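One file, final04.cif, is given below (mmCIF, C-alpha atoms).
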data_structure
#
loop_
_atom_site.label_atom_id
_atom_site.label_comp_id
_atom_site.auth_asym_id
_atom_site.auth_seq_id
_atom_site.Cartn_x
_atom_site.Cartn_y
_atom_site.Cartn_z
CA MET W 84 -21.98 7.41 19.15
CA ASN W 85 -24.89 8.67 17.07
CA LEU W 86 -23.62 10.17 13.82
CA PHE W 87 -25.49 11.42 10.76
CA LEU W 88 -23.58 12.10 7.53
CA GLN W 89 -25.94 14.31 5.57
CA GLY W 90 -26.10 15.14 1.89
CA GLY W 91 -23.06 13.26 0.62
CA GLN W 92 -22.47 10.76 -2.15
CA VAL W 93 -21.56 7.17 -1.26
CA ALA W 94 -18.87 5.51 -3.39
CA SER W 95 -18.48 1.75 -3.76
CA GLU W 96 -16.32 -0.63 -5.77
CA ASP W 97 -19.23 -1.37 -8.09
CA SER W 98 -20.59 2.03 -9.02
CA ALA W 99 -20.02 5.73 -9.26
CA PRO W 100 -20.96 7.74 -6.14
CA VAL W 101 -24.69 7.79 -5.34
CA ALA W 102 -26.43 10.53 -3.33
CA SER W 103 -27.11 9.20 0.17
CA ASP W 104 -27.24 10.08 3.83
CA VAL W 105 -25.53 7.70 6.24
CA TRP W 106 -26.70 7.10 9.82
CA ILE W 107 -24.28 5.46 12.24
CA GLU W 108 -25.28 4.40 15.73
CA ASN W 109 -23.00 2.66 18.25
CA GLY W 110 -20.52 1.75 15.53
CA THR W 111 -23.05 0.19 13.14
CA ILE W 112 -24.43 1.68 9.94
CA LYS W 113 -28.17 1.82 10.56
CA ALA W 114 -29.31 3.30 7.25
CA VAL W 115 -27.94 4.46 3.88
CA ALA W 116 -30.42 6.32 1.67
CA PRO W 117 -31.12 9.80 0.30
CA GLY W 118 -33.37 12.11 2.28
CA LEU W 119 -33.27 10.28 5.60
CA ASP W 120 -34.81 11.96 8.62
CA VAL W 121 -32.22 13.07 11.13
CA PRO W 122 -32.34 10.70 14.12
CA GLU W 123 -32.95 12.28 17.50
CA GLY W 124 -29.75 13.21 19.26
CA ALA W 125 -27.51 12.52 16.27
CA LYS W 126 -24.47 14.63 15.53
CA ILE W 127 -24.84 15.97 11.99
CA ILE W 128 -21.84 16.22 9.69
CA ASP W 129 -22.50 18.22 6.54
CA CYS W 130 -21.32 16.13 3.58
CA VAL W 131 -22.85 18.15 0.74
CA GLY W 132 -20.48 17.98 -2.22
CA LYS W 133 -18.38 15.32 -0.50
CA ILE W 134 -17.73 11.61 -1.09
CA ILE W 135 -18.38 8.99 1.59
CA MET W 136 -16.43 5.79 0.97
CA PRO W 137 -15.01 2.78 2.80
CA GLY W 138 -11.76 3.22 4.68
CA MET W 139 -8.69 2.33 2.64
CA PHE W 140 -6.48 -0.67 3.44
CA ASP W 141 -2.74 -0.65 2.73
CA ALA W 142 -1.20 -4.11 2.31
CA HIS W 143 2.41 -2.94 2.01
CA VAL W 144 3.87 -0.66 4.66
CA HIS W 145 7.26 -0.46 6.32
CA PHE W 146 6.99 0.48 9.98
CA ARG W 147 10.50 0.48 11.40
CA GLU W 148 9.60 -1.07 14.75
CA PRO W 149 11.33 -3.08 16.07
CA GLY W 150 14.82 -1.74 15.57
CA GLN W 151 14.65 1.62 13.81
CA GLU W 152 12.10 3.60 15.77
CA ALA W 153 13.84 6.89 14.91
CA LYS W 154 12.32 6.50 11.45
CA GLU W 155 8.86 5.26 12.42
CA THR W 156 7.08 3.43 15.22
CA ILE W 157 4.01 1.28 14.70
CA LYS W 158 1.93 3.89 16.49
CA ASP W 159 3.29 6.76 14.35
CA GLY W 160 2.71 4.74 11.20
CA THR W 161 -0.89 3.98 12.05
CA GLU W 162 -1.57 7.64 12.84
CA ALA W 163 -0.17 8.53 9.40
CA ALA W 164 -2.52 5.92 7.94
CA ILE W 165 -5.54 7.46 9.67
CA ASN W 166 -4.45 10.87 8.41
CA GLY W 167 -4.59 9.41 4.91
CA GLY W 168 -7.99 7.73 5.30
CA ILE W 169 -6.52 4.24 5.82
CA THR W 170 -8.12 1.99 8.42
CA GLY W 171 -5.97 -1.15 8.19
CA VAL W 172 -2.35 -1.94 7.31
CA VAL W 173 -0.05 -4.91 6.68
CA MET W 174 3.55 -4.54 7.86
CA MET W 175 6.52 -5.84 5.92
CA PRO W 176 9.04 -7.99 7.82
CA ASN W 177 12.31 -6.15 7.11
CA THR W 178 12.61 -4.81 10.64
CA SER W 179 15.52 -5.41 13.02
CA PRO W 180 15.16 -8.12 14.16
CA ALA W 181 13.30 -9.34 11.11
CA ILE W 182 9.77 -10.65 11.57
CA ASP W 183 10.85 -14.25 11.01
CA SER W 184 9.44 -16.12 14.04
CA ALA W 185 6.32 -16.41 16.14
CA THR W 186 8.10 -14.51 18.91
CA VAL W 187 8.64 -11.40 16.78
CA VAL W 188 5.21 -11.72 15.16
CA ASN W 189 3.57 -11.72 18.58
CA ARG W 190 5.67 -8.75 19.68
CA VAL W 191 4.61 -6.72 16.65
CA LEU W 192 0.93 -7.67 16.85
CA GLU W 193 0.80 -6.85 20.57
CA GLU W 194 2.14 -3.40 19.80
CA GLY W 195 -0.41 -3.11 17.02
CA LYS W 196 -3.24 -3.77 19.45
CA LYS W 197 -2.41 -0.46 21.14
CA CYS W 198 -3.18 1.42 17.91
CA ARG W 199 -6.48 2.86 16.72
CA ILE W 200 -6.68 0.75 13.55
CA PRO W 201 -5.99 -2.95 12.89
CA VAL W 202 -2.36 -3.86 12.27
CA TYR W 203 -1.46 -7.08 10.45
CA THR W 204 1.99 -8.32 9.54
CA SER W 205 3.66 -10.48 6.95
CA GLY W 206 6.42 -12.90 7.91
CA CYS W 207 9.78 -13.72 6.38
CA ILE W 208 10.30 -16.58 3.96
CA THR W 209 13.87 -17.08 5.19
CA ILE W 210 15.49 -16.56 8.58
CA GLY W 211 16.72 -13.00 8.89
CA ARG W 212 15.79 -12.45 5.23
CA LYS W 213 19.25 -13.85 4.44
CA GLY W 214 18.01 -16.29 1.80
CA GLU W 215 19.84 -19.23 3.40
CA GLU W 216 17.38 -21.13 5.59
CA MET W 217 13.59 -21.41 5.66
CA ALA W 218 11.95 -19.45 8.45
CA PRO W 219 9.67 -21.29 10.95
CA ILE W 220 6.55 -20.86 8.84
CA ALA W 221 4.22 -23.03 10.91
CA GLY W 222 4.82 -20.98 14.05
CA MET W 223 4.26 -17.69 12.25
CA LYS W 224 1.02 -19.02 10.76
CA LYS W 225 -0.21 -19.95 14.22
CA ALA W 226 0.70 -16.47 15.44
CA GLY W 227 -1.44 -14.89 12.74
CA VAL W 228 0.70 -14.46 9.61
CA LEU W 229 -0.91 -15.12 6.24
CA MET W 230 1.55 -13.56 3.76
CA LEU W 231 5.21 -14.57 3.46
CA THR W 232 7.80 -12.30 1.89
CA ASP W 233 11.45 -11.32 2.19
CA ASP W 234 10.47 -7.86 0.95
CA GLY W 235 13.46 -5.62 0.47
CA ASP W 236 15.22 -8.50 -1.28
CA ALA W 237 14.34 -11.42 -3.50
CA VAL W 238 15.05 -14.96 -2.28
CA PRO W 239 18.29 -15.66 -4.20
CA ASN W 240 18.09 -19.45 -3.96
CA ALA W 241 15.39 -20.71 -6.32
CA ALA W 242 15.43 -24.18 -4.79
CA LEU W 243 14.86 -22.76 -1.32
CA LEU W 244 11.98 -20.64 -2.59
CA LYS W 245 10.43 -23.72 -4.20
CA ARG W 246 10.74 -25.76 -1.00
CA SER W 247 9.25 -22.93 1.02
CA MET W 248 6.26 -22.72 -1.30
CA GLU W 249 5.71 -26.47 -1.16
CA TYR W 250 5.93 -26.48 2.63
CA ALA W 251 3.70 -23.43 3.16
CA SER W 252 0.97 -24.86 0.95
CA ASP W 253 -0.02 -27.07 3.89
CA PHE W 254 -0.76 -23.95 5.92
CA ASP W 255 -2.90 -22.12 3.35
CA MET W 256 -0.47 -19.22 3.14
CA PHE W 257 0.56 -17.16 0.15
CA PHE W 258 3.76 -15.48 -0.97
CA ALA W 259 4.64 -11.95 -2.00
CA SER W 260 7.77 -11.25 -4.04
CA HIS W 261 10.06 -8.26 -4.14
CA CYS W 262 11.48 -9.07 -7.57
CA GLU W 263 15.06 -8.07 -8.15
CA ASP W 264 18.17 -9.76 -9.50
CA PRO W 265 20.93 -8.23 -7.34
CA GLN W 266 23.66 -8.69 -9.92
CA LEU W 267 21.64 -6.85 -12.54
CA ALA W 268 20.28 -4.28 -10.12
CA GLY W 269 23.66 -2.85 -9.11
CA PRO W 270 23.50 0.17 -6.78
CA ARG W 271 19.73 0.50 -7.13
CA ALA W 272 19.87 4.27 -7.35
CA LEU W 273 17.69 5.04 -10.34
CA ASN W 274 16.46 3.62 -13.63
CA GLU W 275 19.05 2.81 -16.25
CA GLY W 276 18.49 5.20 -19.13
CA ALA W 277 18.93 8.77 -20.33
CA VAL W 278 18.56 10.31 -16.86
CA SER W 279 21.10 7.99 -15.22
CA TYR W 280 23.55 8.71 -18.04
CA ARG W 281 23.03 12.47 -17.65
CA LEU W 282 23.55 12.34 -13.89
CA GLY W 283 26.55 10.05 -14.19
CA ILE W 284 25.11 7.37 -11.91
CA GLU W 285 24.98 3.68 -12.73
CA GLY W 286 21.31 2.77 -13.11
CA THR W 287 19.17 -0.29 -12.51
CA PRO W 288 17.62 -1.77 -15.66
CA ALA W 289 13.98 -2.84 -15.55
CA LEU W 290 15.31 -6.25 -16.61
CA ALA W 291 16.57 -6.75 -13.04
CA GLU W 292 12.96 -6.73 -11.86
CA GLU W 293 11.40 -8.50 -14.83
CA ILE W 294 13.71 -11.52 -15.00
CA CYS W 295 13.22 -12.27 -11.27
CA MET W 296 9.47 -11.77 -11.63
CA ASP W 297 9.29 -14.42 -14.34
CA ARG W 298 11.38 -16.80 -12.22
CA ASP W 299 9.21 -16.44 -9.13
CA ILE W 300 5.96 -16.83 -11.05
CA ARG W 301 7.30 -19.98 -12.75
CA ILE W 302 8.18 -21.49 -9.36
CA ALA W 303 4.80 -20.56 -7.90
CA HIS W 304 2.98 -21.99 -10.90
CA ALA W 305 4.92 -25.24 -10.66
CA THR W 306 4.03 -25.57 -6.96
CA ASP W 307 0.43 -24.38 -7.39
CA THR W 308 1.09 -21.48 -5.01
CA TYR W 309 -0.64 -18.10 -4.99
CA LEU W 310 1.97 -15.40 -5.58
CA HIS W 311 1.58 -11.66 -5.25
CA ILE W 312 4.12 -9.46 -7.05
CA GLN W 313 4.97 -6.33 -5.10
CA HIS W 314 5.48 -2.75 -6.35
CA VAL W 315 5.60 -3.42 -10.12
CA SER W 316 7.41 -0.57 -11.86
CA SER W 317 7.71 -1.46 -15.56
CA ALA W 318 5.33 -2.05 -18.44
CA LEU W 319 6.95 -5.37 -19.35
CA GLY W 320 6.80 -6.53 -15.75
CA MET W 321 3.09 -5.80 -15.73
CA GLU W 322 2.63 -7.68 -18.99
CA THR W 323 4.51 -10.64 -17.50
CA ILE W 324 1.85 -10.88 -14.78
CA ARG W 325 -0.94 -10.54 -17.32
CA TRP W 326 0.50 -13.28 -19.55
CA TRP W 327 1.06 -15.80 -16.78
CA ARG W 328 -2.39 -15.15 -15.32
CA ASP W 329 -4.41 -15.06 -18.53
CA GLU W 330 -2.47 -17.42 -20.81
CA ARG W 331 -1.19 -20.00 -18.33
CA GLY W 332 -3.69 -19.77 -15.48
CA ALA W 333 -1.06 -18.97 -12.87
CA LYS W 334 -2.37 -17.88 -9.48
CA VAL W 335 -0.58 -14.56 -9.57
CA SER W 336 -1.53 -10.97 -8.79
CA GLY W 337 0.30 -7.67 -8.72
CA GLU W 338 0.31 -4.37 -6.92
CA VAL W 339 1.21 -0.90 -8.07
CA SER W 340 2.30 1.98 -5.86
CA PRO W 341 1.06 5.54 -6.36
CA HIS W 342 4.58 6.81 -7.00
CA HIS W 343 5.06 4.40 -9.91
CA LEU W 344 1.86 5.73 -11.44
CA MET W 345 2.72 9.41 -10.97
CA PHE W 346 6.45 9.94 -11.20
CA CYS W 347 9.24 8.99 -13.60
CA ASP W 348 13.03 9.21 -13.64
CA GLU W 349 12.88 12.68 -15.18
CA ASP W 350 11.39 13.99 -11.92
CA ILE W 351 14.68 13.32 -10.11
CA GLY W 352 16.01 16.59 -11.52
CA GLU W 353 19.35 17.38 -9.93
CA TYR W 354 19.73 14.43 -7.59
CA ASP W 355 16.51 14.86 -5.56
CA THR W 356 16.57 11.92 -3.14
CA HIS W 357 12.81 12.20 -2.48
CA TYR W 358 12.47 10.42 -5.83
CA LYS W 359 14.91 7.64 -4.99
CA MET W 360 13.23 4.30 -4.33
CA ASN W 361 13.44 0.59 -5.07
CA PRO W 362 12.33 -0.44 -7.60
CA PRO W 363 13.29 2.90 -9.11
CA LEU W 364 11.05 5.24 -11.02
CA ARG W 365 11.02 4.21 -14.68
CA THR W 366 9.92 6.24 -17.72
CA LYS W 367 6.84 8.24 -18.67
CA ALA W 368 5.89 5.41 -21.00
CA ASP W 369 5.96 3.02 -18.03
CA ASN W 370 3.74 5.42 -16.04
CA GLU W 371 1.16 5.43 -18.80
CA ALA W 372 1.25 1.65 -19.19
CA LEU W 373 0.86 1.06 -15.45
CA VAL W 374 -2.13 3.40 -15.26
CA GLN W 375 -3.75 1.53 -18.12
CA GLY W 376 -2.95 -1.78 -16.44
CA LEU W 377 -4.62 -0.57 -13.26
CA LYS W 378 -7.74 0.32 -15.23
CA ASP W 379 -7.61 -3.04 -17.05
CA GLY W 380 -7.45 -4.98 -13.78
CA VAL W 381 -3.94 -6.37 -14.22
CA PHE W 382 -3.15 -5.03 -10.76
CA ARG W 383 -5.19 -6.47 -7.95
CA ILE W 384 -4.31 -3.76 -5.46
CA ILE W 385 -2.81 -0.34 -4.90
CA ALA W 386 -0.28 -0.24 -2.06
CA THR W 387 2.04 2.56 -0.98
CA ASP W 388 5.23 0.69 -0.03
CA HIS W 389 5.39 3.36 2.71
CA ALA W 390 9.10 3.57 3.58
CA PRO W 391 10.07 6.25 6.10
CA HIS W 392 13.64 7.51 6.50
CA THR W 393 15.11 10.30 8.60
CA GLU W 394 15.84 13.71 7.12
CA PHE W 395 19.54 13.15 7.77
CA GLU W 396 19.56 9.92 5.77
CA LYS W 397 17.74 11.44 2.80
CA SER W 398 20.01 14.52 2.83
CA GLN W 399 23.00 12.40 1.82
CA ALA W 400 24.36 12.24 -1.72
CA PHE W 401 21.96 10.54 -4.13
CA VAL W 402 23.96 7.32 -4.41
CA ASP W 403 24.31 7.03 -0.61
CA ALA W 404 20.77 7.98 0.44
CA PRO W 405 18.42 5.08 1.26
CA ASN W 406 15.67 4.01 -1.09
CA GLY W 407 12.05 4.74 -0.28
CA ILE W 408 9.38 7.38 0.23
CA THR W 409 6.49 7.73 2.64
CA GLY W 410 2.98 7.33 1.29
CA LEU W 411 0.33 6.79 3.95
CA ASP W 412 -0.41 10.48 4.55
CA THR W 413 -0.43 11.33 0.85
CA ALA W 414 -1.72 8.38 -1.20
CA LEU W 415 -5.46 8.98 -1.36
CA VAL W 416 -5.28 12.74 -1.87
CA SER W 417 -2.58 12.38 -4.54
CA LEU W 418 -4.54 9.68 -6.39
CA PHE W 419 -7.52 12.01 -6.45
CA ASP W 420 -5.46 15.02 -7.51
CA ARG W 421 -3.58 13.23 -10.29
CA PHE W 422 -6.22 10.84 -11.63
CA VAL W 423 -9.79 11.00 -10.30
CA ASP W 424 -10.09 14.78 -10.56
CA LYS W 425 -8.77 14.64 -14.12
CA GLY W 426 -11.19 11.90 -15.18
CA GLU W 427 -8.51 9.24 -15.67
CA PHE W 428 -10.49 6.80 -13.52
CA GLY W 429 -13.23 6.97 -10.92
CA TRP W 430 -13.81 6.45 -7.22
CA ASP W 431 -15.05 2.93 -7.91
CA LEU W 432 -11.55 1.90 -8.99
CA ILE W 433 -9.99 3.49 -5.91
CA VAL W 434 -12.42 1.70 -3.59
CA LYS W 435 -11.92 -1.62 -5.35
CA ARG W 436 -8.14 -1.54 -5.58
CA TYR W 437 -7.22 0.34 -2.39
CA SER W 438 -9.94 -0.85 -0.02
CA ALA W 439 -11.87 -3.96 -1.06
CA GLU W 440 -9.29 -6.13 -2.86
CA PRO W 441 -6.45 -5.62 -0.36
CA ARG W 442 -8.81 -6.79 2.37
CA ARG W 443 -9.91 -9.79 0.31
CA MET W 444 -6.31 -10.71 -0.35
CA MET W 445 -5.60 -10.64 3.38
CA ARG W 446 -8.91 -12.43 4.13
CA VAL W 447 -10.25 -9.52 6.12
CA ASP W 448 -13.91 -8.51 5.98
CA VAL W 449 -14.44 -5.98 3.20
CA ALA W 450 -15.54 -2.54 4.38
CA GLU W 451 -18.77 -1.38 2.72
CA VAL W 452 -20.90 1.67 3.39
CA SER W 453 -24.14 -0.27 3.63
CA GLU W 454 -26.86 -0.93 6.17
CA GLY W 455 -25.95 -3.41 8.90
CA ASN W 456 -22.18 -3.18 8.43
CA ALA W 457 -19.73 -1.96 11.03
CA ALA W 458 -18.76 1.65 10.39
CA ASP W 459 -15.46 1.82 8.50
CA LEU W 460 -15.48 4.87 6.28
CA LEU W 461 -14.09 8.26 5.39
CA VAL W 462 -15.45 11.53 4.06
CA PHE W 463 -13.50 13.12 1.21
CA ASP W 464 -13.93 16.71 0.03
CA PRO W 465 -13.10 17.00 -3.69
CA ASN W 466 -13.18 20.78 -3.40
CA GLY W 467 -10.81 20.92 -0.47
CA GLN W 468 -7.04 21.29 -0.48
CA THR W 469 -4.26 19.61 1.44
CA THR W 470 -0.78 21.02 2.00
CA PHE W 471 1.63 18.31 3.08
CA THR W 472 3.78 20.14 5.60
CA LYS W 473 5.81 18.31 8.22
CA GLU W 474 3.32 19.58 10.78
CA PHE W 475 0.33 18.20 8.86
CA MET W 476 1.75 14.75 8.25
CA LYS W 477 1.65 12.24 11.09
CA SER W 478 4.44 9.99 9.86
CA LYS W 479 7.61 10.40 11.87
CA SER W 480 9.47 10.91 8.58
CA SER W 481 8.72 13.29 5.74
CA ASN W 482 10.65 11.84 2.80
CA THR W 483 8.01 12.47 0.16
CA PRO W 484 8.00 14.39 -3.14
CA PHE W 485 4.81 16.06 -1.90
CA LEU W 486 6.54 17.80 1.01
CA ASP W 487 5.24 21.41 1.25
CA LYS W 488 3.12 20.94 -1.87
CA THR W 489 -0.62 21.64 -2.04
CA LEU W 490 -2.89 19.13 -3.78
CA LYS W 491 -6.58 19.22 -4.51
CA GLY W 492 -8.83 17.23 -2.19
CA SER W 493 -8.94 16.62 1.55
CA ILE W 494 -9.86 13.84 3.95
CA ASP W 495 -12.25 15.44 6.43
CA VAL W 496 -13.58 12.55 8.53
CA VAL W 497 -12.51 8.98 9.32
CA VAL W 498 -14.81 6.68 11.31
CA LEU W 499 -14.01 3.16 12.52
CA GLY W 500 -16.55 1.33 14.64
CA ASP W 501 -17.88 3.61 17.35
CA GLU W 502 -14.94 6.03 17.16
CA VAL W 503 -14.38 9.11 15.03
CA LEU W 504 -10.67 8.75 14.35
CA LEU W 505 -10.31 12.01 12.44
CA GLU W 506 -12.46 15.09 12.02
CA ARG W 507 -11.04 18.25 10.49
#

Taking this structure as input, can you express it in the form of structure tokens?
Amino acid sequence: MNLFLQGGQVASEDSAPVASDVWIENGTIKAVAPGLDVPEGAKIIDCVGKIIMPGMFDAHVHFREPGQEAKETIKDGTEAAINGGITGVVMMPNTSPAIDSATVVNRVLEEGKKCRIPVYTSGCITIGRKGEEMAPIAGMKKAGVLMLTDDGDAVPNAALLKRSMEYASDFDMFFASHCEDPQLAGPRALNEGAVSYRLGIEGTPALAEEICMDRDIRIAHATDTYLHIQHVSSALGMETIRWWRDERGAKVSGEVSPHHLMFCDEDIGEYDTHYKMNPPLRTKADNEALVQGLKDGVFRIIATDHAPHTEFEKSQAFVDAPNGITGLDTALVSLFDRFVDKGEFGWDLIVKRYSAEPRRMMRVDVAEVSEGNAADLLVFDPNGQTTFTKEFMKSKSSNTPFLDKTLKGSIDVVVLGDEVLLER
């Protein structure tokens, strides 16, 4: 492959986009500079007015294989990722069977090798995610797992969580917590507040997330364990992370999902299940606080919590429909449409929090558009448009608030190594 990206602007985690051409030959970036001569035999892609940036990396996705392939297979999920400019993903272990042993880890990773982008997986903290017995952590580590989580549920037994952290420290692994007190959470349908009262549905208070978050960070701090807090949804939860990190030196980080930056409980309207997720959408004030926290660096990464469900499941009554929305197809375009295009933050933040830091957290080489690096990049057109129809999206499920909506911006090209994965 001999590819020449001409006239674009290259974005990095350290600076605003800079005018540059990019020459790629045989999967390696040979030169990055403005005004380069076109190499002989190169295919030219016109990037005038467009942004060239590293491929994104999503460290929190739910592919339903094994066990619920009607919702999503690993292959379908990775194609949705490519469609959204994402060139690496980390699966969560709440499959059926759960990813709680070296056997299942190997099965998942072998399937991932058939895909066009790298697939990594987390492993369970407890067997079957039941919170009763520690999973065989050593075997999963040997199979390639770095992150341990019972995502979908918190570990209810604090003593078991502590023992797991102490044991895993010998294997240089880290933990990720889905923070939720089940007794406080209740039916987990939507945020407890004015909207839940209006709709007549028992809501989930933010306290259910925040109290468990504080517990897990305390345990991690006591055991000197690195802990990553998943899908933070409330302002106080975010401040809990900030306090423990900055005031007590805890080795803790957090992630925020695009939907918790963009949507609030008021968007549910008349029982729209596309806005039903766990943790639930909070308030506009929480949205604003989370955006500010992202800009302040409280959140280490952006991650979608991509959670596909069938149309039949999401067409049920609000209380009965499953929690979760898809995000791989839509995340980058929606972040541009809602924030970058409006000047809320720049491409440097997107690259840092949705490409570089997720890779660092997973100890994967950071993708950079610079000379000598392997090609791992995308071309984004800020003047383009994307309509998220079922036909456009590659995910097997389409449970997203963006269904049939048109947003500003489009992903035109995705390159990984010596392969053009996407070219519109």

| query | So which one's closest to Leu267 in chain W, W:Asp412, W:Asp379, W:Glu292, W:Asp255? Using only C-alpha atoms, please. | reply |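 That would be W:Glu292, the residue with the smallest distance to Leu267 in chain W.
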
| said: So that I can check the surroundings of Thr178 in chain W, please list as a PyMOL selection string every protein, DNA and RNA residue that reaches within 8 Å of it, counting only C-alpha atoms and ignoring chain neighbours fewer than 6 positions away. | reply: chain W and resi 146-151

Pick out the residues sitting within 9 Å of Asp97 in chain W, and hand them over as a compact mmCIF listing (two decimals) with C-alpha atoms, in the frame of the given file; count all atoms listed in the file, and ignore anything fewer than 6 positions along from it in its own chain.
# COMPACT_ATOMS: atom_id res chain seq x y z
CA ASP W 431 -15.05 2.93 -7.91
CA LEU W 432 -11.55 1.90 -8.99
CA VAL W 434 -12.42 1.70 -3.59
CA LYS W 435 -11.92 -1.62 -5.35

| field | Nearest-residue call for Ala386 in chain W, choices W:His261, W:Lys245, W:Arg365, W:His342, using all atoms listed in the file | value |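 With all atoms listed in the file as the atom set, the closest residue is W:His342.
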
The PyMOL selection byres ((chain W and resi 465) around 7) - which residues does that actually catch in the file I just gave you? List them as a JSON list (two decimals) with C-alpha atoms, in the frame of the given file.
[["chain", "number", "residue", "atom", "x", "y", "z"],
["W", 133, "LYS", "CA", -18.38, 15.32, -0.50],
["W", 463, "PHE", "CA", -13.50, 13.12, 1.21],
["W", 464, "ASP", "CA", -13.93, 16.71, 0.03],
["W", 466, "ASN", "CA", -13.18, 20.78, -3.40],
["W", 467, "GLY", "CA", -10.81, 20.92, -0.47],
["W", 491, "LYS", "CA", -6.58, 19.22, -4.51],
["W", 492, "GLY", "CA", -8.83, 17.23, -2.19],
["W", 493, "SER", "CA", -8.94, 16.62, 1.55]]

Wanna dump the range 384-411 of chain W-range 482-490 of chain W contacts at 12 Å for me, each residue with its shortest atom pair and the distance in Å to one decimal, counting all atoms listed in the file, ordered by chain and number, as a Markdown table?
| residue | atom | partner | partner_atom | distance |
| --- | --- | --- | --- | --- |
| W:Thr387 | CA | W:Thr483 | CA | 11.6 |
| W:His389 | CA | W:Thr483 | CA | 9.8 |
| W:Ala390 | CA | W:Asn482 | CA | 8.5 |
| W:Pro391 | CA | W:Asn482 | CA | 6.5 |
| W:His392 | CA | W:Asn482 | CA | 6.4 |
| W:Thr393 | CA | W:Asn482 | CA | 7.5 |
| W:Glu394 | CA | W:Asn482 | CA | 7.0 |
| W:Phe395 | CA | W:Asn482 | CA | 10.3 |
| W:Glu396 | CA | W:Asn482 | CA | 9.6 |
| W:Lys397 | CA | W:Asn482 | CA | 7.1 |
| W:Ser398 | CA | W:Asn482 | CA | 9.7 |
| W:Ala404 | CA | W:Asn482 | CA | 11.1 |
| W:Pro405 | CA | W:Asn482 | CA | 10.4 |
| W:Asn406 | CA | W:Asn482 | CA | 10.1 |
| W:Gly407 | CA | W:Asn482 | CA | 7.9 |
| W:Ile408 | CA | W:Thr483 | CA | 5.3 |
| W:Thr409 | CA | W:Thr483 | CA | 5.6 |
| W:Gly410 | CA | W:Thr483 | CA | 7.3 |
| W:Leu411 | CA | W:Thr483 | CA | 10.3 |

| range 501-505 of chain W environment, 7 Å, only C-alpha atoms, sequence neighbours closer than 3 positions dropped, as number ranges by chain | W: 84, 109-110, 496-498

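Take the candidates W:Gly168, W:Gly91, W:Gly160, W:Gly332 and check each one against Val131 in chain W using all atoms listed in the file; the shortest distance goes to W:Gly91.
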
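CA of His304 in chain W lies 5.4 Å from CA of Ala333 in chain W.
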
| task | Could you check which of W:Val449, W:Leu229, W:Leu290, W:Ile302 is closest to Phe257 in chain W, using all atoms listed in the file? | result |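 Selected residue with least distance to Phe257 in chain W: W:Leu229.
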
| message | Just the number, please: distance in Å from CA of Ile135 in chain W to CA of Lys425 in chain W, one decimal. | response | 19.3 Å

| task | Determine the nearest neighbour of Gly352 in chain W from the options W:Asn370, W:Ala125, W:Arg271, W:Phe401, counting all atoms listed in the file. | result |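 Under the stated criterion, the closest residue is W:Phe401.
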
Reconstruct N, CA and C atoms of range 238-248 of chain W from the incomplete input and present them as a PDB file, in the coordinates of the input.
ATOM      1  N   VAL W 238      14.388 -13.744  -2.781  1.00  0.00           N
ATOM      2  CA  VAL W 238      15.050 -14.960  -2.280  1.00  0.00           C
ATOM      3  C   VAL W 238      16.012 -15.420  -3.366  1.00  0.00           C
ATOM      4  N   PRO W 239      17.336 -15.380  -3.120  1.00  0.00           N
ATOM      5  CA  PRO W 239      18.290 -15.660  -4.200  1.00  0.00           C
ATOM      6  C   PRO W 239      18.331 -17.126  -4.615  1.00  0.00           C
ATOM      7  N   ASN W 240      17.991 -18.015  -3.707  1.00  0.00           N
ATOM      8  CA  ASN W 240      18.090 -19.450  -3.960  1.00  0.00           C
ATOM      9  C   ASN W 240      16.741 -19.969  -4.454  1.00  0.00           C
ATOM     10  N   ALA W 241      16.654 -20.267  -5.736  1.00  0.00           N
ATOM     11  CA  ALA W 241      15.390 -20.710  -6.320  1.00  0.00           C
ATOM     12  C   ALA W 241      14.899 -22.016  -5.710  1.00  0.00           C
ATOM     13  N   ALA W 242      15.821 -22.905  -5.390  1.00  0.00           N
ATOM     14  CA  ALA W 242      15.430 -24.180  -4.790  1.00  0.00           C
ATOM     15  C   ALA W 242      14.825 -23.975  -3.411  1.00  0.00           C
ATOM     16  N   LEU W 243      15.391 -23.058  -2.654  1.00  0.00           N
ATOM     17  CA  LEU W 243      14.860 -22.760  -1.320  1.00  0.00           C
ATOM     18  C   LEU W 243      13.477 -22.124  -1.423  1.00  0.00           C
ATOM     19  N   LEU W 244      13.291 -21.241  -2.384  1.00  0.00           N
ATOM     20  CA  LEU W 244      11.980 -20.640  -2.590  1.00  0.00           C
ATOM     21  C   LEU W 244      10.955 -21.710  -2.949  1.00  0.00           C
ATOM     22  N   LYS W 245      11.328 -22.632  -3.809  1.00  0.00           N
ATOM     23  CA  LYS W 245      10.430 -23.720  -4.200  1.00  0.00           C
ATOM     24  C   LYS W 245      10.054 -24.580  -2.987  1.00  0.00           C
ATOM     25  N   ARG W 246      11.027 -24.944  -2.184  1.00  0.00           N
ATOM     26  CA  ARG W 246      10.740 -25.760  -1.000  1.00  0.00           C
ATOM     27  C   ARG W 246       9.838 -25.013  -0.028  1.00  0.00           C
ATOM     28  N   SER W 247      10.070 -23.737   0.117  1.00  0.00           N
ATOM     29  CA  SER W 247       9.250 -22.930   1.020  1.00  0.00           C
ATOM     30  C   SER W 247       7.809 -22.882   0.550  1.00  0.00           C
ATOM     31  N   MET W 248       7.612 -22.739  -0.765  1.00  0.00           N
ATOM     32  CA  MET W 248       6.260 -22.720  -1.300  1.00  0.00           C
ATOM     33  C   MET W 248       5.566 -24.065  -1.120  1.00  0.00           C
TER      34      MET W 248
END
